[in-house]
>>> print(open('protein_38.cif').read())   # mmCIF, C-alpha atoms
data_final
loop_
_atom_site.label_atom_id
_atom_site.label_comp_id
_atom_site.auth_asym_id
_atom_site.auth_seq_id
_atom_site.Cartn_x
_atom_site.Cartn_y
_atom_site.Cartn_z
CA MET S 30 217.71 109.56 46.42
CA VAL S 31 218.07 105.77 46.12
CA LEU S 32 218.74 104.02 49.41
CA GLU S 33 221.52 101.44 49.65
CA LEU S 34 219.79 98.08 49.67
CA VAL S 35 221.04 95.66 52.36
CA ALA S 36 219.48 92.19 52.33
CA PHE S 37 219.42 90.03 55.43
CA ASP S 38 218.35 86.52 56.42
CA ILE S 39 218.50 84.33 59.52
CA GLU S 40 218.83 80.63 60.27
CA THR S 41 217.42 78.99 63.40
CA THR S 42 217.21 75.68 65.21
CA GLY S 43 213.44 75.51 64.64
CA PHE S 44 210.20 77.45 65.04
CA GLY S 45 209.55 77.35 68.80
CA VAL S 46 210.10 80.15 71.29
CA ASP S 47 212.96 78.19 72.85
CA ASP S 48 214.71 77.64 69.53
CA GLU S 49 217.72 79.83 68.81
CA VAL S 50 219.13 81.93 66.02
CA THR S 51 222.18 80.23 64.54
CA VAL S 52 223.14 82.57 61.67
CA ILE S 53 222.43 86.14 60.61
CA GLY S 54 223.77 87.28 57.26
CA PHE S 55 223.79 90.66 55.53
CA ALA S 56 224.50 91.29 51.83
CA VAL S 57 226.30 94.64 51.67
CA PRO S 58 227.79 96.31 48.57
CA MET S 59 231.26 94.86 49.14
CA GLY S 60 230.12 91.29 49.81
CA VAL S 61 228.40 89.35 52.59
CA ARG S 62 228.82 89.71 56.36
CA VAL S 63 227.81 86.62 58.33
CA PHE S 64 227.54 86.02 62.08
CA VAL S 65 227.43 82.40 63.26
CA GLN S 66 226.80 80.96 66.69
CA THR S 67 228.53 77.64 67.19
CA GLY S 68 227.17 76.43 70.50
CA SER S 69 230.77 76.65 71.78
CA ARG S 70 231.93 74.11 69.17
CA ASP S 71 234.98 74.41 66.95
CA ALA S 72 234.43 76.19 63.63
CA ASP S 73 238.00 76.98 62.59
CA GLY S 74 238.43 77.69 58.90
CA VAL S 75 234.74 78.18 58.17
CA GLU S 76 235.33 81.51 56.40
CA ARG S 77 237.99 80.02 54.12
CA ARG S 78 235.81 77.01 53.25
CA VAL S 79 232.84 79.25 52.45
CA SER S 80 234.98 81.65 50.40
CA ASP S 81 236.11 78.73 48.26
CA ARG S 82 232.47 78.08 47.34
CA VAL S 83 231.04 81.51 46.59
CA PRO S 84 231.92 84.15 43.97
CA VAL S 85 231.80 87.15 46.33
CA HIS S 86 233.80 88.33 49.32
CA VAL S 87 232.48 86.80 52.55
CA GLN S 88 233.43 87.80 56.08
CA VAL S 89 232.43 85.32 58.77
CA THR S 90 232.77 85.64 62.53
CA THR S 91 231.87 82.86 64.95
CA HIS S 92 230.34 83.31 68.38
CA PRO S 93 229.95 80.69 71.11
CA THR S 94 226.37 81.58 72.09
CA GLU S 95 223.25 83.19 70.69
CA ARG S 96 223.71 86.11 73.08
CA ALA S 97 227.23 86.72 71.80
CA LEU S 98 225.94 86.59 68.23
CA PHE S 99 223.27 89.21 68.97
CA GLU S 100 225.79 91.47 70.67
CA ALA S 101 228.06 91.30 67.61
CA VAL S 102 225.15 92.00 65.26
CA GLY S 103 224.15 94.97 67.40
CA SER S 104 227.65 96.45 67.10
CA PHE S 105 227.66 95.83 63.34
CA THR S 106 224.31 97.52 62.74
CA ALA S 107 225.27 100.49 64.90
CA ASP S 108 228.58 100.96 63.08
CA ARG S 109 227.60 100.02 59.54
CA LEU S 110 223.86 100.47 59.00
CA GLN S 111 222.46 103.12 61.29
CA ASP S 112 222.69 106.76 60.26
CA ASP S 113 223.40 105.70 56.66
CA ASP S 114 221.08 105.81 53.67
CA VAL S 115 220.22 102.12 54.00
CA LEU S 116 217.08 100.15 53.14
CA LEU S 117 217.02 96.83 54.98
CA VAL S 118 215.14 94.14 53.04
CA ALA S 119 214.18 90.52 53.56
CA PHE S 120 212.18 88.03 51.54
CA ASN S 121 208.99 87.21 53.42
CA GLY S 122 210.53 88.48 56.62
CA GLU S 123 207.37 89.46 58.49
CA ARG S 124 204.82 86.67 58.28
CA TRP S 125 205.11 84.06 61.02
CA LYS S 126 206.58 80.70 59.96
CA GLY S 127 206.14 81.32 56.25
CA GLY S 128 208.59 84.17 56.71
CA PHE S 129 209.65 84.51 60.28
CA ASP S 130 212.84 86.58 60.40
CA LEU S 131 211.63 89.66 62.26
CA PRO S 132 209.06 88.00 64.58
CA PHE S 133 211.61 85.35 65.52
CA LEU S 134 214.29 87.97 66.20
CA ARG S 135 211.93 90.07 68.32
CA THR S 136 211.00 87.06 70.44
CA ARG S 137 214.55 85.85 70.99
CA LEU S 138 215.86 89.33 71.80
CA ALA S 139 213.00 89.91 74.24
CA ARG S 140 213.62 86.60 76.01
CA LEU S 141 217.32 87.43 76.36
CA GLU S 142 216.54 91.07 77.27
CA ILE S 143 218.80 92.39 74.51
CA GLU S 144 218.17 95.73 72.85
CA TRP S 145 216.56 95.77 69.40
CA PRO S 146 219.44 96.25 66.89
CA PHE S 147 217.54 97.78 63.95
CA ARG S 148 216.82 101.25 65.30
CA GLU S 149 216.31 104.07 62.79
CA LEU S 150 216.32 101.67 59.85
CA PRO S 151 213.76 101.70 57.04
CA TYR S 152 212.65 98.20 56.04
CA ALA S 153 210.74 96.56 53.20
CA ASP S 154 209.56 93.00 52.65
CA LEU S 155 210.26 91.98 49.06
CA LEU S 156 207.73 89.14 48.81
CA PRO S 157 204.64 91.32 48.12
CA VAL S 158 206.51 93.41 45.54
CA LEU S 159 207.85 90.42 43.63
CA THR S 160 204.74 88.24 43.64
CA ARG S 161 202.24 91.03 42.95
CA ARG S 162 204.18 93.08 40.42
CA PHE S 163 205.94 90.29 38.49
CA ASN S 164 204.66 87.12 36.88
CA THR S 165 206.13 84.20 38.85
CA THR S 166 203.88 81.48 37.42
CA VAL S 167 205.63 78.48 35.89
CA THR S 168 203.66 76.23 33.52
CA SER S 169 204.50 72.65 32.58
CA CYS S 170 202.88 69.60 31.02
CA ASP S 171 201.65 66.99 33.48
CA GLY S 172 203.05 63.66 32.32
CA GLY S 173 201.10 61.48 29.91
CA ASP S 174 197.83 63.40 30.18
CA GLY S 175 199.35 66.43 28.54
CA ASP S 176 197.52 68.75 30.93
CA VAL S 177 199.12 72.12 31.54
CA VAL S 178 199.90 72.69 35.21
CA SER S 179 200.47 76.19 36.60
CA ASP S 180 202.59 76.69 39.69
CA ASP S 181 202.87 80.11 41.34
CA GLN S 182 206.35 80.40 42.79
CA SER S 183 206.35 82.12 46.17
CA ASP S 184 209.46 80.82 47.94
CA LEU S 185 212.79 82.61 47.67
CA ALA S 186 214.58 80.00 45.57
CA GLY S 187 211.64 79.59 43.21
CA VAL S 188 211.08 83.29 42.64
CA TYR S 189 214.82 83.81 42.18
CA ASP S 190 215.09 81.07 39.57
CA VAL S 191 212.12 82.53 37.66
CA LEU S 192 213.17 86.18 37.69
CA CYS S 193 216.97 86.05 37.90
CA ASP S 194 219.73 84.08 36.23
CA GLY S 195 219.95 81.51 39.01
CA ARG S 196 223.72 81.87 39.44
CA TYR S 197 223.59 81.79 43.24
CA SER S 198 221.43 78.65 43.37
CA ASP S 199 224.57 76.57 42.86
CA VAL S 200 226.06 78.12 46.02
CA ASP S 201 223.30 76.61 48.18
CA PRO S 202 224.17 73.09 49.40
CA PHE S 203 220.59 72.47 50.59
CA VAL S 204 217.50 71.44 48.66
CA GLU S 205 215.17 72.39 51.52
CA SER S 206 215.76 75.21 53.99
CA GLY S 207 214.98 72.84 56.88
CA GLU S 208 218.35 71.19 56.24
CA ALA S 209 219.90 74.20 58.01
CA VAL S 210 218.73 72.76 61.35
CA THR S 211 220.44 69.43 60.69
CA ALA S 212 223.63 71.15 59.54
CA PHE S 213 223.81 73.17 62.77
CA ASN S 214 223.15 70.12 64.94
CA GLU S 215 225.90 68.23 63.12
CA GLY S 216 228.36 71.13 63.26
CA ARG S 217 228.51 71.54 59.45
CA PHE S 218 229.02 75.29 59.71
CA ALA S 219 230.44 75.79 56.21
CA ASP S 220 227.28 74.27 54.69
CA LEU S 221 225.09 76.33 57.00
CA VAL S 222 226.87 79.59 56.16
CA SER S 223 226.91 78.81 52.42
CA HIS S 224 223.14 78.37 52.52
CA ASN S 225 222.70 81.69 54.30
CA VAL S 226 225.05 83.44 51.85
CA ALA S 227 223.06 82.05 48.92
CA ASP S 228 219.81 83.32 50.43
CA VAL S 229 221.03 86.85 51.14
CA LEU S 230 222.54 87.11 47.65
CA ARG S 231 219.29 85.90 46.11
CA THR S 232 217.39 88.44 48.20
CA ARG S 233 219.77 91.23 47.20
CA ASP S 234 219.46 90.45 43.48
CA LEU S 235 215.66 90.30 43.69
CA GLY S 236 215.61 93.59 45.58
CA ARG S 237 217.70 95.26 42.89
CA LEU S 238 215.42 93.82 40.22
CA ALA S 239 212.40 95.29 41.97
CA GLN S 240 214.15 98.65 42.23
CA TRP S 241 214.79 98.65 38.48
CA TYR S 242 211.20 97.88 37.48
CA CYS S 243 208.92 99.04 40.31
CA SER S 244 208.10 102.43 41.78
CA LYS S 245 209.16 103.37 45.29
CA SER S 246 205.56 103.22 46.49
CA GLU S 247 205.41 99.48 45.74
CA PHE S 248 207.93 98.73 48.47
CA SER S 249 205.73 99.73 51.44
CA VAL S 250 208.74 100.94 53.38
CA LYS S 251 208.33 101.17 57.14
CA SER S 252 210.52 102.09 60.08
CA LEU S 253 211.91 99.38 62.37
CA SER S 254 212.46 101.86 65.22
CA PRO S 255 210.79 100.72 68.45
CA THR S 256 208.16 102.97 69.97
CA VAL S 257 210.15 103.37 73.20
CA GLN S 258 213.88 102.88 73.76
CA ARG S 259 214.87 100.55 76.63
#
>>> encode(input="protein_38.cif", output="structure tokens")
Amino acid sequence: MVLELVAFDIETTGFGVDDEVTVIGFAVPMGVRVFVQTGSRDADGVERRVSDRVPVHVQVTTHPTERALFEAVGSFTADRLQDDDVLLVAFNGERWKGGFDLPFLRTRLARLEIEWPFRELPYADLLPVLTRRFNTTVTSCDGGDGDVVSDDQSDLAGVYDVLCDGRYSDVDPFVESGEAVTAFNEGRFADLVSHNVADVLRTRDLGRLAQWYCSKSEFSVKSLSPTVQR
């Protein structure tokens, strides 16, 4: 049985324990589901503006606070993901800072005393599969010297451009992921959501690619269920 692959990605205001989650997006078979916290600012029309930019169906809901965002995500995962044949995936979602999705979520949920939303879900990080089982090295000539330079791509955008057709790269309005912090601070929610949509679509495509060419054992699937329920 092949599990339904659901890619997810988060955006935050920074790396510290007091920074907050601003966006959580999920790429599901029918499109992308995005949850955005606005800091109680106006974000009317953000779904329409994002839909005009991307080639898939996008559903966006806005929430005034991080707590409200987490509560909405908890309801979504309970209704849509749990008790289904779902494999939740992220790109570099476990390592701190280099890929901080799950550690950051655990910390923020613990500080807000909110229940862990990913109970009973199998999870796999795609980074080890893609960088160990595919060739992601790009070679180029170094200017006038003519030396060949090799660059191992390990970030999401780089790996995606090497292994996939790159069609979702044009959806992303940012060159660097750190621009998501500036966009949130400036209230540019359509840009912020478009970036998140691009990342979850890239992750989904890379996950499907790995499924086509790699064995199940390469995915190192683990359970996200907590040891003890609150």
>>> closest_residue(input="protein_38.cif", among="S:Asp73, S:Asp38, S:Glu123, S:Glu33", to="Ser206 of chain S", atoms="all atoms listed in the file")
S:Asp38
>>> resolve_selection(input="protein_38.cif", expression="the PyMOL selection byres ((chain S and resi 227-234) around 7)", output="PyMOL selection string")
chain S and resi 35-38+54-56+119-120+189+197-198+200-201+223-226+235-238
>>> atom_distance(input="protein_38.cif", atom1="atom CA of Ala186 of chain S", atom2="atom CA of Asp114 of chain S")
27.8 Å
>>> residues_around(input="protein_38.cif", residues="Ile39 of chain S", least_positions_apart="3", cutoff="8 Å", atoms="only C-alpha atoms", output="PDB file with C-alpha atoms, in the coordinates of the input")
ATOM      1  CA  VAL S  50     219.130  81.930  66.020  1.00  0.00           C
ATOM      2  CA  THR S  51     222.180  80.230  64.540  1.00  0.00           C
ATOM      3  CA  VAL S  52     223.140  82.570  61.670  1.00  0.00           C
ATOM      4  CA  ILE S  53     222.430  86.140  60.610  1.00  0.00           C
ATOM      5  CA  GLY S  54     223.770  87.280  57.260  1.00  0.00           C
ATOM      6  CA  ASP S 130     212.840  86.580  60.400  1.00  0.00           C
ATOM      7  CA  ASN S 225     222.700  81.690  54.300  1.00  0.00           C
TER       8      ASN S 225
END
>>> atom_distance(input="protein_38.cif", atom1="atom CA of Val85 of chain S", atom2="atom CA of Ser252 of chain S")
29.4 Å
>>> resolve_selection(input="protein_38.cif", expression="the PyMOL selection byres ((chain S and resi 87-96) around 10)", output="PyMOL selection string")
chain S and resi 49-52+54-56+59-77+79-81+83-86+97-102+137-138+141-143+218+222-223+226
>>> residues_around(input="protein_38.cif", residues="Tyr152 of chain S", least_positions_apart="4", cutoff="8 Å", atoms="only C-alpha atoms", output="short mmCIF file (atom, residue, chain, number, x, y, z; two decimals) with C-alpha atoms, in the frame of the given file")
data_model
loop_
_atom_site.label_atom_id
_atom_site.label_comp_id
_atom_site.auth_asym_id
_atom_site.auth_seq_id
_atom_site.Cartn_x
_atom_site.Cartn_y
_atom_site.Cartn_z
CA LEU S 116 217.08 100.15 53.14
CA LEU S 117 217.02 96.83 54.98
CA VAL S 118 215.14 94.14 53.04
CA VAL S 250 208.74 100.94 53.38
CA LYS S 251 208.33 101.17 57.14
CA SER S 252 210.52 102.09 60.08
CA LEU S 253 211.91 99.38 62.37
#
>>> closest_residue(input="protein_38.cif", among="S:Gln240, S:Thr41, S:Ser179, S:Gln258", to="Leu159 of chain S", atoms="all atoms listed in the file")
S:Gln240
>>> residues_near_point(input="protein_38.cif", point="(219.1, 71.8, 55.2)", cutoff="12 Å", atoms="all atoms listed in the file", output="MDAnalysis selection string")
chainID S and resid 40:43 201:215 217:218 220:225
>>> write_last_selection(input="protein_38.cif", atoms="C-alpha atoms", output="PDB file, keeping the file's coordinate frame")
ATOM      1  CA  GLU S  40     218.830  80.630  60.270  1.00  0.00           C
ATOM      2  CA  THR S  41     217.420  78.990  63.400  1.00  0.00           C
ATOM      3  CA  THR S  42     217.210  75.680  65.210  1.00  0.00           C
ATOM      4  CA  GLY S  43     213.440  75.510  64.640  1.00  0.00           C
ATOM      5  CA  ASP S 201     223.300  76.610  48.180  1.00  0.00           C
ATOM      6  CA  PRO S 202     224.170  73.090  49.400  1.00  0.00           C
ATOM      7  CA  PHE S 203     220.590  72.470  50.590  1.00  0.00           C
ATOM      8  CA  VAL S 204     217.500  71.440  48.660  1.00  0.00           C
ATOM      9  CA  GLU S 205     215.170  72.390  51.520  1.00  0.00           C
ATOM     10  CA  SER S 206     215.760  75.210  53.990  1.00  0.00           C
ATOM     11  CA  GLY S 207     214.980  72.840  56.880  1.00  0.00           C
ATOM     12  CA  GLU S 208     218.350  71.190  56.240  1.00  0.00           C
ATOM     13  CA  ALA S 209     219.900  74.200  58.010  1.00  0.00           C
ATOM     14  CA  VAL S 210     218.730  72.760  61.350  1.00  0.00           C
ATOM     15  CA  THR S 211     220.440  69.430  60.690  1.00  0.00           C
ATOM     16  CA  ALA S 212     223.630  71.150  59.540  1.00  0.00           C
ATOM     17  CA  PHE S 213     223.810  73.170  62.770  1.00  0.00           C
ATOM     18  CA  ASN S 214     223.150  70.120  64.940  1.00  0.00           C
ATOM     19  CA  GLU S 215     225.900  68.230  63.120  1.00  0.00           C
ATOM     20  CA  ARG S 217     228.510  71.540  59.450  1.00  0.00           C
ATOM     21  CA  PHE S 218     229.020  75.290  59.710  1.00  0.00           C
ATOM     22  CA  ASP S 220     227.280  74.270  54.690  1.00  0.00           C
ATOM     23  CA  LEU S 221     225.090  76.330  57.000  1.00  0.00           C
ATOM     24  CA  VAL S 222     226.870  79.590  56.160  1.00  0.00           C
ATOM     25  CA  SER S 223     226.910  78.810  52.420  1.00  0.00           C
ATOM     26  CA  HIS S 224     223.140  78.370  52.520  1.00  0.00           C
ATOM     27  CA  ASN S 225     222.700  81.690  54.300  1.00  0.00           C
TER      28      ASN S 225
END
>>> atom_distance(input="protein_38.cif", atom1="atom CA of Phe248 of chain S", atom2="atom CA of Leu155 of chain S")
7.2 Å
>>> closest_residue(input="protein_38.cif", among="S:Ser104, S:Val115, S:Phe129, S:Gly187", to="Leu34 of chain S", atoms="only C-alpha atoms")
S:Val115
>>> axis_aligned_box(input="protein_38.cif", around="segment 224-235 of chain S", padding_each_side="8 Å", output="lines of an AutoDock Vina configuration file")
center_x = 220.4
center_y = 84.8
center_z = 48.9
size_x = 25.4
size_y = 28.9
size_z = 26.8
>>> residues_around(input="protein_38.cif", residues="Val188 of chain S", least_positions_apart="6", cutoff="10 Å", atoms="all atoms listed in the file", output="count of residues only")
14
>>> decode(input="protein_38.cif", residues="segment 80-161 of chain S", atoms="C-alpha atoms", output="PDB file, in the first residue's frame")
ATOM      1  CA  SER S  80      -4.697  32.110  -6.317  1.00  0.00           C
ATOM      2  CA  ASP S  81      -3.929  34.553  -9.120  1.00  0.00           C
ATOM      3  CA  ARG S  82      -0.240  33.643  -8.813  1.00  0.00           C
ATOM      4  CA  VAL S  83      -0.201  29.862  -8.514  1.00  0.00           C
ATOM      5  CA  PRO S  84      -1.372  27.080 -10.869  1.00  0.00           C
ATOM      6  CA  VAL S  85      -3.115  24.976  -8.200  1.00  0.00           C
ATOM      7  CA  HIS S  86      -6.115  25.402  -5.939  1.00  0.00           C
ATOM      8  CA  VAL S  87      -5.175  27.197  -2.716  1.00  0.00           C
ATOM      9  CA  GLN S  88      -7.336  27.567   0.376  1.00  0.00           C
ATOM     10  CA  VAL S  89      -6.136  30.183   2.862  1.00  0.00           C
ATOM     11  CA  THR S  90      -7.540  31.018   6.275  1.00  0.00           C
ATOM     12  CA  THR S  91      -6.243  33.864   8.425  1.00  0.00           C
ATOM     13  CA  HIS S  92      -5.982  33.863  12.192  1.00  0.00           C
ATOM     14  CA  PRO S  93      -5.271  36.820  14.480  1.00  0.00           C
ATOM     15  CA  THR S  94      -2.761  35.056  16.749  1.00  0.00           C
ATOM     16  CA  GLU S  95      -0.331  32.157  16.763  1.00  0.00           C
ATOM     17  CA  ARG S  96      -2.556  30.333  19.248  1.00  0.00           C
ATOM     18  CA  ALA S  97      -5.546  30.639  16.940  1.00  0.00           C
ATOM     19  CA  LEU S  98      -3.433  29.360  14.047  1.00  0.00           C
ATOM     20  CA  PHE S  99      -2.374  26.287  16.038  1.00  0.00           C
ATOM     21  CA  GLU S 100      -5.946  25.567  17.072  1.00  0.00           C
ATOM     22  CA  ALA S 101      -7.062  25.678  13.429  1.00  0.00           C
ATOM     23  CA  VAL S 102      -4.199  23.418  12.360  1.00  0.00           C
ATOM     24  CA  GLY S 103      -5.097  20.977  15.122  1.00  0.00           C
ATOM     25  CA  SER S 104      -8.682  20.767  13.852  1.00  0.00           C
ATOM     26  CA  PHE S 105      -7.462  20.316  10.272  1.00  0.00           C
ATOM     27  CA  THR S 106      -5.065  17.486  11.112  1.00  0.00           C
ATOM     28  CA  ALA S 107      -7.689  15.720  13.222  1.00  0.00           C
ATOM     29  CA  ASP S 108     -10.305  15.941  10.466  1.00  0.00           C
ATOM     30  CA  ARG S 109      -8.141  15.498   7.382  1.00  0.00           C
ATOM     31  CA  LEU S 110      -4.913  13.672   8.231  1.00  0.00           C
ATOM     32  CA  GLN S 111      -5.368  11.422  11.220  1.00  0.00           C
ATOM     33  CA  ASP S 112      -6.800   7.944  10.722  1.00  0.00           C
ATOM     34  CA  ASP S 113      -6.053   8.173   6.986  1.00  0.00           C
ATOM     35  CA  ASP S 114      -3.293   6.479   5.026  1.00  0.00           C
ATOM     36  CA  VAL S 115      -1.114   9.598   5.084  1.00  0.00           C
ATOM     37  CA  LEU S 116       2.658  10.061   5.079  1.00  0.00           C
ATOM     38  CA  LEU S 117       3.595  13.525   6.318  1.00  0.00           C
ATOM     39  CA  VAL S 118       6.851  14.777   4.773  1.00  0.00           C
ATOM     40  CA  ALA S 119       9.039  17.849   5.064  1.00  0.00           C
ATOM     41  CA  PHE S 120      12.334  18.861   3.510  1.00  0.00           C
ATOM     42  CA  ASN S 121      14.971  19.019   6.228  1.00  0.00           C
ATOM     43  CA  GLY S 122      12.274  19.256   8.858  1.00  0.00           C
ATOM     44  CA  GLU S 123      14.150  17.799  11.819  1.00  0.00           C
ATOM     45  CA  ARG S 124      17.577  19.386  12.097  1.00  0.00           C
ATOM     46  CA  TRP S 125      17.682  22.564  14.153  1.00  0.00           C
ATOM     47  CA  LYS S 126      18.048  25.817  12.171  1.00  0.00           C
ATOM     48  CA  GLY S 127      19.147  24.102   8.973  1.00  0.00           C
ATOM     49  CA  GLY S 128      15.712  22.504   8.976  1.00  0.00           C
ATOM     50  CA  PHE S 129      13.718  23.515  11.977  1.00  0.00           C
ATOM     51  CA  ASP S 130      10.048  22.779  11.292  1.00  0.00           C
ATOM     52  CA  LEU S 131       9.364  20.088  13.879  1.00  0.00           C
ATOM     53  CA  PRO S 132      11.689  21.328  16.673  1.00  0.00           C
ATOM     54  CA  PHE S 133      10.302  24.839  16.279  1.00  0.00           C
ATOM     55  CA  LEU S 134       6.709  23.587  16.367  1.00  0.00           C
ATOM     56  CA  ARG S 135       7.358  21.458  19.458  1.00  0.00           C
ATOM     57  CA  THR S 136       8.859  24.419  21.301  1.00  0.00           C
ATOM     58  CA  ARG S 137       6.104  26.871  20.416  1.00  0.00           C
ATOM     59  CA  LEU S 138       3.323  24.407  21.229  1.00  0.00           C
ATOM     60  CA  ALA S 139       4.954  23.557  24.553  1.00  0.00           C
ATOM     61  CA  ARG S 140       5.308  27.226  25.503  1.00  0.00           C
ATOM     62  CA  LEU S 141       1.647  27.832  24.676  1.00  0.00           C
ATOM     63  CA  GLU S 142       0.600  24.535  26.324  1.00  0.00           C
ATOM     64  CA  ILE S 143      -1.207  23.384  23.179  1.00  0.00           C
ATOM     65  CA  GLU S 144      -1.589  19.712  22.345  1.00  0.00           C
ATOM     66  CA  TRP S 145       0.694  18.197  19.703  1.00  0.00           C
ATOM     67  CA  PRO S 146      -1.364  18.081  16.456  1.00  0.00           C
ATOM     68  CA  PHE S 147       0.424  15.262  14.604  1.00  0.00           C
ATOM     69  CA  ARG S 148      -0.713  12.252  16.613  1.00  0.00           C
ATOM     70  CA  GLU S 149      -0.779   8.863  14.872  1.00  0.00           C
ATOM     71  CA  LEU S 150       0.964  10.233  11.785  1.00  0.00           C
ATOM     72  CA  PRO S 151       3.922   8.581  10.064  1.00  0.00           C
ATOM     73  CA  TYR S 152       6.585  11.084   9.012  1.00  0.00           C
ATOM     74  CA  ALA S 153       9.667  11.140   6.787  1.00  0.00           C
ATOM     75  CA  ASP S 154      12.299  13.795   6.170  1.00  0.00           C
ATOM     76  CA  LEU S 155      13.036  13.992   2.449  1.00  0.00           C
ATOM     77  CA  LEU S 156      16.470  15.609   2.672  1.00  0.00           C
ATOM     78  CA  PRO S 157      18.463  12.406   3.405  1.00  0.00           C
ATOM     79  CA  VAL S 158      16.645  10.470   0.681  1.00  0.00           C
ATOM     80  CA  LEU S 159      17.191  13.105  -1.987  1.00  0.00           C
ATOM     81  CA  THR S 160      20.800  14.007  -1.235  1.00  0.00           C
ATOM     82  CA  ARG S 161      22.020  10.452  -0.604  1.00  0.00           C
TER      83      ARG S 161
END
